[in-house]
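my_file-v2.cif (mmCIF, C-alpha atoms and all ligand atoms)
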data_start
#
loop_
_atom_site.label_atom_id
_atom_site.label_comp_id
_atom_site.auth_asym_id
_atom_site.auth_seq_id
_atom_site.Cartn_x
_atom_site.Cartn_y
_atom_site.Cartn_z
CA MET A 1 135.18 99.05 129.03
CA MET A 2 133.43 101.87 127.12
CA PRO A 3 129.67 102.10 127.77
CA LEU A 4 127.76 100.01 125.28
CA VAL A 5 125.42 101.72 122.86
CA LYS A 6 121.84 100.51 123.32
CA ARG A 7 121.59 97.19 121.51
CA VAL A 8 118.48 95.89 119.81
CA LEU A 9 118.59 92.26 118.77
CA CYS A 10 116.69 91.96 115.48
CA LEU A 11 115.59 88.55 114.24
CA SER A 12 114.12 89.06 110.78
CA GLY A 13 114.12 87.91 107.19
CA HIS A 14 116.47 89.30 104.57
CA ASP A 15 114.79 91.25 101.77
CA PRO A 16 117.29 91.86 98.94
CA THR A 17 115.47 95.05 97.88
CA GLY A 18 116.47 96.65 101.17
CA GLY A 19 112.90 97.81 101.79
CA ALA A 20 111.67 95.39 104.44
CA GLY A 21 113.11 92.84 106.86
CA ILE A 22 116.52 93.16 108.41
CA HIS A 23 117.55 96.21 106.31
CA ALA A 24 114.54 98.07 107.65
CA ASP A 25 115.36 97.01 111.20
CA ILE A 26 119.00 98.07 111.07
CA GLU A 27 118.21 101.47 109.57
CA ALA A 28 115.22 102.19 111.82
CA VAL A 29 117.08 101.25 115.01
CA ALA A 30 120.10 103.33 113.97
CA ALA A 31 117.88 106.33 113.25
CA GLN A 32 116.56 106.17 116.85
CA GLY A 33 120.16 106.26 118.15
CA GLY A 34 120.56 102.55 118.91
CA HIS A 35 122.54 99.73 117.38
CA ALA A 36 120.92 96.71 115.70
CA LEU A 37 122.40 93.26 116.19
CA SER A 38 121.04 91.32 113.24
CA ILE A 39 120.23 87.64 112.95
CA VAL A 40 118.65 86.60 109.65
CA THR A 41 115.81 84.08 110.05
CA ALA A 42 115.18 83.53 106.34
CA LEU A 43 116.53 84.48 102.95
CA THR A 44 113.95 85.57 100.42
CA VAL A 45 113.60 86.04 96.69
CA GLN A 46 111.56 89.18 96.07
CA ASP A 47 111.29 92.52 94.35
CA THR A 48 109.48 95.67 95.41
CA ARG A 49 106.19 94.16 94.16
CA ASN A 50 105.99 90.77 95.85
CA VAL A 51 107.83 87.89 97.53
CA ARG A 52 108.59 84.83 95.37
CA HIS A 53 110.35 82.48 97.79
CA VAL A 54 111.27 82.16 101.48
CA GLU A 55 114.21 79.98 102.51
CA PRO A 56 114.44 79.52 106.31
CA VAL A 57 117.88 79.65 107.95
CA ALA A 58 118.79 76.53 109.98
CA ALA A 59 117.81 76.96 113.64
CA ALA A 60 121.14 75.42 114.72
CA LEU A 61 123.03 78.25 113.02
CA ILE A 62 120.80 80.88 114.61
CA GLU A 63 121.37 79.23 117.98
CA ARG A 64 125.14 79.63 117.58
CA GLN A 65 124.78 83.26 116.46
CA LEU A 66 122.60 83.99 119.48
CA ALA A 67 125.06 82.36 121.86
CA ALA A 68 127.93 84.42 120.47
CA LEU A 69 126.00 87.69 120.80
CA GLU A 70 124.73 86.90 124.28
CA GLU A 71 128.27 86.18 125.47
CA ASP A 72 129.33 89.52 124.03
CA GLY A 73 126.94 91.74 126.00
CA PRO A 74 123.36 92.31 127.14
CA PHE A 75 120.47 93.24 124.84
CA ASP A 76 118.31 96.29 125.58
CA ALA A 77 115.36 95.20 123.43
CA ILE A 78 114.45 92.45 120.98
CA LYS A 79 112.53 92.79 117.73
CA ILE A 80 111.20 89.76 115.89
CA GLY A 81 109.83 89.88 112.34
CA LEU A 82 109.56 87.03 109.84
CA ILE A 83 109.97 83.60 111.47
CA GLY A 84 111.23 80.72 109.34
CA SER A 85 110.36 77.54 111.28
CA ALA A 86 108.92 76.05 114.46
CA ALA A 87 112.47 75.27 115.61
CA GLN A 88 113.21 79.01 115.41
CA VAL A 89 110.14 79.74 117.55
CA HIS A 90 111.47 77.42 120.25
CA LEU A 91 114.84 79.22 120.25
CA MET A 92 113.08 82.59 120.47
CA VAL A 93 110.92 81.45 123.39
CA ASP A 94 114.00 80.32 125.34
CA LEU A 95 115.77 83.58 124.50
CA ILE A 96 112.85 85.73 125.69
CA ARG A 97 112.55 83.78 128.95
CA ARG A 98 116.21 84.32 129.83
CA SER A 99 116.76 87.86 128.54
CA ARG A 100 113.77 89.74 130.08
CA VAL A 101 114.01 92.87 127.92
CA PRO A 102 111.21 94.56 125.94
CA LEU A 103 110.13 92.42 123.00
CA VAL A 104 108.40 93.81 119.91
CA PHE A 105 106.92 91.26 117.52
CA ASP A 106 105.82 92.31 114.04
CA PRO A 107 103.92 89.28 112.77
CA VAL A 108 104.96 88.95 109.16
CA LEU A 109 102.43 86.51 107.70
CA ARG A 110 101.75 87.80 104.20
CA ALA A 111 103.62 90.23 101.96
CA GLY A 112 101.95 93.43 100.85
CA GLY A 113 102.08 91.96 97.33
CA GLY A 114 99.91 89.02 98.47
CA ALA A 115 102.39 86.14 98.93
CA ASP A 116 101.94 83.97 102.03
CA LEU A 117 105.16 83.94 104.06
CA VAL A 118 104.15 81.57 106.89
CA ASP A 119 102.16 78.33 106.65
CA PRO A 120 99.15 77.69 108.95
CA GLU A 121 101.03 75.19 111.13
CA LEU A 122 103.88 77.62 111.85
CA GLN A 123 101.37 80.40 112.45
CA ALA A 124 99.62 78.24 115.07
CA THR A 125 102.95 77.55 116.82
CA VAL A 126 103.73 81.27 116.88
CA LEU A 127 100.32 82.06 118.37
CA ASP A 128 100.56 79.32 120.95
CA GLN A 129 104.16 79.78 122.10
CA LEU A 130 105.52 83.21 121.16
CA VAL A 131 102.58 85.62 121.27
CA PRO A 132 101.93 85.09 125.03
CA LEU A 133 105.46 86.37 125.79
CA VAL A 134 105.35 89.51 123.68
CA ASP A 135 105.39 93.05 125.12
CA LEU A 136 104.11 94.68 121.95
CA MET A 137 102.70 93.10 118.83
CA THR A 138 102.15 95.25 115.72
CA PRO A 139 99.81 93.44 113.31
CA ASN A 140 97.91 95.20 110.59
CA LEU A 141 94.21 94.34 110.59
CA ALA A 142 94.64 91.51 108.07
CA GLU A 143 97.38 89.92 110.19
CA ALA A 144 95.34 90.30 113.38
CA ARG A 145 92.43 88.57 111.61
CA ARG A 146 94.66 85.73 110.49
CA PHE A 147 95.49 85.02 114.12
CA VAL A 148 91.87 85.51 115.23
CA PRO A 149 89.70 84.49 112.25
CA ASP A 150 86.41 85.04 114.12
CA GLY A 151 87.43 88.51 115.36
CA ASN A 152 85.03 90.87 113.61
CA SER A 153 86.97 94.05 114.51
CA GLY A 154 90.49 95.13 115.39
CA GLY A 155 89.35 95.40 119.01
CA ALA A 156 87.99 91.85 119.08
CA CYS A 157 91.20 90.47 117.55
CA ALA A 158 93.35 92.47 119.98
CA ALA A 159 91.30 91.27 122.98
CA SER A 160 91.92 87.69 121.96
CA LEU A 161 95.67 88.30 121.51
CA LEU A 162 95.86 90.11 124.89
CA ALA A 163 94.08 87.16 126.52
CA THR A 164 97.05 84.92 125.62
CA GLY A 165 99.33 87.10 127.79
CA CYS A 166 100.66 89.49 125.13
CA ARG A 167 100.80 92.87 126.90
CA ASN A 168 100.16 95.43 124.15
CA VAL A 169 98.75 95.23 120.63
CA LEU A 170 99.06 98.06 118.11
CA VAL A 171 96.68 97.24 115.25
CA THR A 172 97.80 99.29 112.28
CA GLY A 173 95.31 100.45 109.67
CA GLY A 174 97.45 101.06 106.63
CA ASP A 175 95.72 98.14 104.87
CA ILE A 176 92.21 99.54 105.43
CA PRO A 177 91.06 101.97 102.73
CA GLY A 178 90.00 105.43 103.89
CA PRO A 179 91.04 109.07 103.92
CA THR A 180 93.25 108.56 107.01
CA VAL A 181 95.22 105.70 108.56
CA LEU A 182 93.96 104.73 112.01
CA ASN A 183 96.32 102.80 114.31
CA ILE A 184 94.85 101.62 117.62
CA TRP A 185 96.83 100.66 120.73
CA PHE A 186 95.09 98.06 122.89
CA ARG A 187 96.16 96.88 126.36
CA ALA A 188 94.35 94.91 129.03
CA ASP A 189 94.04 97.59 131.70
CA ALA A 190 93.29 100.79 129.76
CA GLU A 191 91.02 102.22 127.12
CA PRO A 192 92.25 101.86 123.54
CA ARG A 193 94.27 104.80 122.27
CA HIS A 194 93.70 105.98 118.69
CA PHE A 195 96.32 107.52 116.41
CA GLU A 196 95.16 109.01 113.12
CA TRP A 197 97.60 109.82 110.33
CA PRO A 198 97.07 111.43 106.94
CA ARG A 199 96.92 108.75 104.25
CA LEU A 200 99.80 109.21 101.85
CA ASP A 201 99.18 108.89 98.16
CA GLU A 202 101.38 105.78 97.70
CA THR A 203 101.66 102.13 98.63
CA PHE A 204 104.74 101.13 100.62
CA HIS A 205 107.03 98.16 101.05
CA GLY A 206 108.56 97.67 104.50
CA ALA A 207 106.40 100.11 106.46
CA GLY A 208 105.43 97.53 109.12
CA CYS A 209 109.02 96.38 109.80
CA THR A 210 110.12 100.00 109.97
CA LEU A 211 107.50 100.97 112.55
CA ALA A 212 108.09 97.93 114.78
CA SER A 213 111.87 98.45 114.76
CA ALA A 214 111.59 102.16 115.47
CA ILE A 215 109.44 101.35 118.51
CA ALA A 216 111.93 98.67 119.63
CA GLY A 217 114.76 101.20 119.26
CA GLN A 218 112.86 103.69 121.40
CA LEU A 219 112.18 101.07 124.08
CA ALA A 220 115.89 100.14 124.12
CA LEU A 221 116.75 103.79 124.71
CA GLY A 222 114.51 103.82 127.77
CA ALA A 223 111.26 105.29 126.43
CA SER A 224 108.03 104.13 128.06
CA MET A 225 105.68 102.03 125.92
CA ALA A 226 103.47 105.09 125.34
CA GLU A 227 106.42 107.29 124.34
CA ALA A 228 107.87 104.58 122.10
CA ILE A 229 104.56 104.01 120.30
CA VAL A 230 104.09 107.74 119.70
CA ARG A 231 107.67 108.44 118.62
CA GLY A 232 107.88 105.30 116.48
CA GLN A 233 104.77 106.31 114.55
CA GLN A 234 105.87 109.95 114.16
CA TRP A 235 109.26 108.92 112.83
CA THR A 236 107.80 106.25 110.52
CA GLN A 237 105.23 108.68 109.12
CA ALA A 238 108.09 111.10 108.31
CA ALA A 239 110.06 108.27 106.66
CA LEU A 240 106.99 107.35 104.57
CA THR A 241 106.45 110.97 103.56
CA ARG A 242 109.98 110.90 102.10
CA ALA A 243 109.70 107.36 100.66
CA VAL A 244 111.89 106.52 97.68
CA ALA A 245 111.48 104.24 94.66
CA VAL A 246 114.22 101.59 94.51
CA GLY A 247 112.45 99.48 91.88
CA CYS A 248 109.30 99.29 89.78
CA GLY A 249 106.91 98.43 92.62
CA ARG A 250 106.08 100.02 95.94
CA ARG A 251 108.22 102.75 97.49
CA ILE A 252 110.29 102.12 100.59
CA PRO A 253 110.50 104.39 103.64
CA PHE A 254 113.46 106.80 103.64
CA ARG A 255 115.05 105.98 106.98
CA ARG A 256 118.05 108.30 107.16
N1 LIG B 1 110.18 90.31 103.25
C1 LIG B 1 110.51 90.35 104.52
C2 LIG B 1 111.80 89.73 104.94
C3 LIG B 1 109.67 90.97 105.44
O1 LIG B 1 110.00 91.02 106.75
C4 LIG B 1 108.45 91.56 104.98
C5 LIG B 1 107.51 92.24 105.87
O2 LIG B 1 107.65 92.48 107.00
C6 LIG B 1 108.14 91.50 103.64
C7 LIG B 1 109.03 90.87 102.82
C8 LIG B 1 106.91 92.10 103.10
O3 LIG B 1 106.86 93.46 103.33
P1 LIG B 1 105.67 94.28 102.74
O4 LIG B 1 104.43 93.58 103.19
O5 LIG B 1 105.78 95.63 103.35
O6 LIG B 1 105.82 94.31 101.28
#

Can the structure from this file be put into structure tokens for me?
Amino acid sequence: MMPLVKRVLCLSGHDPTGGAGIHADIEAVAAQGGHALSIVTALTVQDTRNVRHVEPVAAALIERQLAALEEDGPFDAIKIGLIGSAAQVHLMVDLIRRSRVPLVFDPVLRAGGGADLVDPELQATVLDQLVPLVDLMTPNLAEARRFVPDGNSGGACAASLLATGCRNVLVTGGDIPGPTVLNIWFRADAEPRHFEWPRLDETFHGAGCTLASAIAGQLALGASMAEAIVRGQQWTQAALTRAVAVGCGRRIPFRR
């Protein structure tokens, strides 16, 4: 058999604008040199301004898709974005336990346009069952605070997430106003590492999915966590610099 290209299993929502979700994952993984296997967790109704509706995909269907892909060959990394139901969380937990490959989780809780995408009960299940198994979580500060409401800084939120067992947290600062964007990588056994990027004169749709998938692609190709975090950010910043308008709202990263 021919050698397999590095395969990243992406479990994400479908965004019909092509800016966020599974489109972002497929393009970002391909741009790193990997191949995305895509399982859609939810269908959405949205435009480039905001999300109007989320329709979860039945967990039983996802289970069959997973089984077919797993029989077909091994995964080199897994990326999880929007999660549609508690039943999906249970499937993901079982998958992570048996596959033992790097797992990047981009917690999609609220759209940039303001719509809530996950209810509090599902969020609690995610925190309790999935977060402890994650290699790298990539919340923005607002998402980190939703998981840790009494965390009064990114560092405090990250410490609480790391205490669950999650191994690395990259708190992104795109949602915090300021002349630059500060992303901070936290892990249990090392000092935080700061990454400062010029703030671009735009607001974006799909930046978080793009970054998380680029990092997952790098991990699948064999990069260390440090290399993947650096390269993923560099590539995403370049994609944001070349962002394109595909509708009336926010621009989407140019991922080719
Ligand atoms: N729709 C889907 C399927 C997503 O995964 C996301 C974010 O990750 C969004 C919408 C919202 O993206 P944004 O907050 O960048 O607008």

Would you mind listing the residues within 6 Å of ligand LIG 1 (chain B), counting all atoms listed in the file, as an NGL selection string? :A and (13-15 or 20-21 or 81-82 or 108 or 111-113 or 205-209)

A:Leu69, A:Leu103, A:Ala115, A:Ala239 ranked by distance to Asp47 (chain A), top pick (using only C-alpha atoms): A:Ala115

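Shortest separation to Val5 (chain A) among A:Glu70, A:Asp106, A:Asp76, A:Asp128 occurs at residue A:Asp76, atoms counted being only C-alpha atoms.
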
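Residues in contact range of region 162-167 of chain A, defined as at most 8 Å between only C-alpha atoms, with sequence neighbours fewer than 5 positions away removed, read Val131, Pro132, Leu133, Val134, Asp135, Leu136, Met137, Arg187 and Ala188 of chain A.
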
Between CA of Glu27 (chain A) and CA of Ile39 (chain A) lies a distance of 14.4 Å

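The closest residue to Ala212 (chain A), picked from A:Pro253, A:Pro107, A:Gly154, A:Pro120 and counting all atoms listed in the file, is A:Pro107.
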
Point-to-point distance from CA of Ser85 (chain A) to CA of Leu66 (chain A), Å rounded to tenths: 16.1 Å

Per residue of region 149-213 of chain A within 9 Å of region 227-233 of chain A, which atom pair is closest and at what distance in Å (one decimal), using all atoms listed in the file, listed by chain and increasing number, as CSV?
residue,atom,partner,partner_atom,distance
A:Leu170,CA,A:Ile229,CA,8.4
A:Trp185,CA,A:Ile229,CA,8.4
A:Phe195,CA,A:Val230,CA,8.4
A:Thr210,CA,A:Gly232,CA,8.7
A:Leu211,CA,A:Gly232,CA,5.9
A:Ala212,CA,A:Gly232,CA,7.6
A:Ser213,CA,A:Gly232,CA,8.1

Can you write out the residues you just picked, keeping C-alpha atoms, as a CSV table (one decimal), in the coordinates of the input?
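Written file, out30.csv:
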chain,number,residue,atom,x,y,z
A,170,LEU,CA,99.1,98.1,118.1
A,185,TRP,CA,96.8,100.7,120.7
A,195,PHE,CA,96.3,107.5,116.4
A,210,THR,CA,110.1,100.0,110.0
A,211,LEU,CA,107.5,101.0,112.6
A,212,ALA,CA,108.1,97.9,114.8
A,213,SER,CA,111.9,98.4,114.8

Give, as AutoDock Vina command-line options, the centre coordinates and the x, y and z edge lengths in Å to one decimal for an axis-aligned box around all listed atoms of region 138-156 of chain A, padded by 4 Å on each side.
--center_x 93.6 --center_y 89.9 --center_z 113.6 --size_x 25.1 --size_y 18.9 --size_z 19.0

Select, from A:Gly114, A:Gly19, A:Gly151, A:Pro177, the residue with the minimum atom-to-atom distance to Leu240 (chain A), counting only C-alpha atoms. A:Gly19

Nearby residues (only C-alpha atoms) at most 12 Å from Glu196 (chain A), same-chain spacing under 2 positions excluded, as a PyMOL selection string: chain A and resi 172-174+178-185+193-194+198-199+230+233-234+237

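Nearest to Val101 (chain A) of all the residues A:Ala42, A:Ala77, A:Val126, A:Leu200 is A:Ala77, based on only C-alpha atoms.
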
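Shortest atom-to-atom contact with Pro56 (chain A) among A:Gly73, A:Met92, A:Ser12, A:Ile215: A:Ser12, counting only C-alpha atoms.
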
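From CA of Ala158 (chain A) back to CA of Arg49 (chain A), the distance works out to 28.9 Å.
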
Kindly provide, as a PyMOL selection string, the polymer residues lying within 10 Å of (116.0, 95.0, 122.5), counting all atoms listed in the file and using the coordinates exactly as they appear in the file. chain A and resi 6-10+29+34-37+74-80+99-104+213+215-221

Taking the partial coordinates given, rebuild region 223-245 of chain A to contain N, CA and C atoms; return it as a PDB file, in the frame of the given file.
ATOM      1  N   ALA A 223     112.590 104.683 126.523  1.00  0.00           N
ATOM      2  CA  ALA A 223     111.260 105.290 126.430  1.00  0.00           C
ATOM      3  C   ALA A 223     110.229 104.350 127.058  1.00  0.00           C
ATOM      4  N   SER A 224     109.154 104.944 127.598  1.00  0.00           N
ATOM      5  CA  SER A 224     108.030 104.130 128.060  1.00  0.00           C
ATOM      6  C   SER A 224     107.320 103.550 126.834  1.00  0.00           C
ATOM      7  N   MET A 225     106.425 102.595 127.058  1.00  0.00           N
ATOM      8  CA  MET A 225     105.680 102.030 125.920  1.00  0.00           C
ATOM      9  C   MET A 225     104.893 103.131 125.202  1.00  0.00           C
ATOM     10  N   ALA A 226     104.262 104.021 125.967  1.00  0.00           N
ATOM     11  CA  ALA A 226     103.470 105.090 125.340  1.00  0.00           C
ATOM     12  C   ALA A 226     104.375 106.009 124.510  1.00  0.00           C
ATOM     13  N   GLU A 227     105.497 106.408 125.082  1.00  0.00           N
ATOM     14  CA  GLU A 227     106.420 107.290 124.340  1.00  0.00           C
ATOM     15  C   GLU A 227     106.934 106.591 123.086  1.00  0.00           C
ATOM     16  N   ALA A 228     107.295 105.311 123.224  1.00  0.00           N
ATOM     17  CA  ALA A 228     107.870 104.580 122.100  1.00  0.00           C
ATOM     18  C   ALA A 228     106.854 104.435 120.967  1.00  0.00           C
ATOM     19  N   ILE A 229     105.600 104.180 121.331  1.00  0.00           N
ATOM     20  CA  ILE A 229     104.560 104.010 120.300  1.00  0.00           C
ATOM     21  C   ILE A 229     104.313 105.340 119.580  1.00  0.00           C
ATOM     22  N   VAL A 230     104.307 106.427 120.325  1.00  0.00           N
ATOM     23  CA  VAL A 230     104.090 107.740 119.700  1.00  0.00           C
ATOM     24  C   VAL A 230     105.288 108.111 118.819  1.00  0.00           C
ATOM     25  N   ARG A 231     106.480 108.022 119.383  1.00  0.00           N
ATOM     26  CA  ARG A 231     107.670 108.440 118.620  1.00  0.00           C
ATOM     27  C   ARG A 231     107.905 107.531 117.419  1.00  0.00           C
ATOM     28  N   GLY A 232     107.692 106.237 117.597  1.00  0.00           N
ATOM     29  CA  GLY A 232     107.880 105.300 116.480  1.00  0.00           C
ATOM     30  C   GLY A 232     106.968 105.633 115.315  1.00  0.00           C
ATOM     31  N   GLN A 233     105.712 105.967 115.620  1.00  0.00           N
ATOM     32  CA  GLN A 233     104.770 106.310 114.550  1.00  0.00           C
ATOM     33  C   GLN A 233     105.152 107.641 113.895  1.00  0.00           C
ATOM     34  N   GLN A 234     105.511 108.635 114.728  1.00  0.00           N
ATOM     35  CA  GLN A 234     105.870 109.950 114.160  1.00  0.00           C
ATOM     36  C   GLN A 234     107.051 109.811 113.205  1.00  0.00           C
ATOM     37  N   TRP A 235     108.057 109.067 113.648  1.00  0.00           N
ATOM     38  CA  TRP A 235     109.260 108.920 112.830  1.00  0.00           C
ATOM     39  C   TRP A 235     108.952 108.118 111.554  1.00  0.00           C
ATOM     40  N   THR A 236     108.149 107.069 111.689  1.00  0.00           N
ATOM     41  CA  THR A 236     107.800 106.250 110.520  1.00  0.00           C
ATOM     42  C   THR A 236     106.977 107.057 109.518  1.00  0.00           C
ATOM     43  N   GLN A 237     106.045 107.855 110.026  1.00  0.00           N
ATOM     44  CA  GLN A 237     105.230 108.680 109.120  1.00  0.00           C
ATOM     45  C   GLN A 237     106.143 109.630 108.327  1.00  0.00           C
ATOM     46  N   ALA A 238     107.145 110.193 109.011  1.00  0.00           N
ATOM     47  CA  ALA A 238     108.090 111.100 108.310  1.00  0.00           C
ATOM     48  C   ALA A 238     108.883 110.315 107.262  1.00  0.00           C
ATOM     49  N   ALA A 239     109.286 109.098 107.607  1.00  0.00           N
ATOM     50  CA  ALA A 239     110.060 108.270 106.660  1.00  0.00           C
ATOM     51  C   ALA A 239     109.188 107.902 105.444  1.00  0.00           C
ATOM     52  N   LEU A 240     107.893 107.676 105.678  1.00  0.00           N
ATOM     53  CA  LEU A 240     106.990 107.350 104.570  1.00  0.00           C
ATOM     54  C   LEU A 240     106.726 108.570 103.697  1.00  0.00           C
ATOM     55  N   THR A 241     106.676 109.725 104.316  1.00  0.00           N
ATOM     56  CA  THR A 241     106.450 110.970 103.560  1.00  0.00           C
ATOM     57  C   THR A 241     107.597 111.189 102.574  1.00  0.00           C
ATOM     58  N   ARG A 242     108.788 110.703 102.956  1.00  0.00           N
ATOM     59  CA  ARG A 242     109.980 110.900 102.100  1.00  0.00           C
ATOM     60  C   ARG A 242     110.352 109.604 101.356  1.00  0.00           C
ATOM     61  N   ALA A 243     109.395 108.685 101.226  1.00  0.00           N
ATOM     62  CA  ALA A 243     109.700 107.360 100.660  1.00  0.00           C
ATOM     63  C   ALA A 243     110.335 107.478  99.271  1.00  0.00           C
ATOM     64  N   VAL A 244     111.167 106.496  98.960  1.00  0.00           N
ATOM     65  CA  VAL A 244     111.890 106.520  97.680  1.00  0.00           C
ATOM     66  C   VAL A 244     111.551 105.264  96.867  1.00  0.00           C
ATOM     67  N   ALA A 245     111.644 105.393  95.553  1.00  0.00           N
ATOM     68  CA  ALA A 245     111.480 104.240  94.660  1.00  0.00           C
ATOM     69  C   ALA A 245     112.859 103.602  94.469  1.00  0.00           C
TER      70      ALA A 245
END
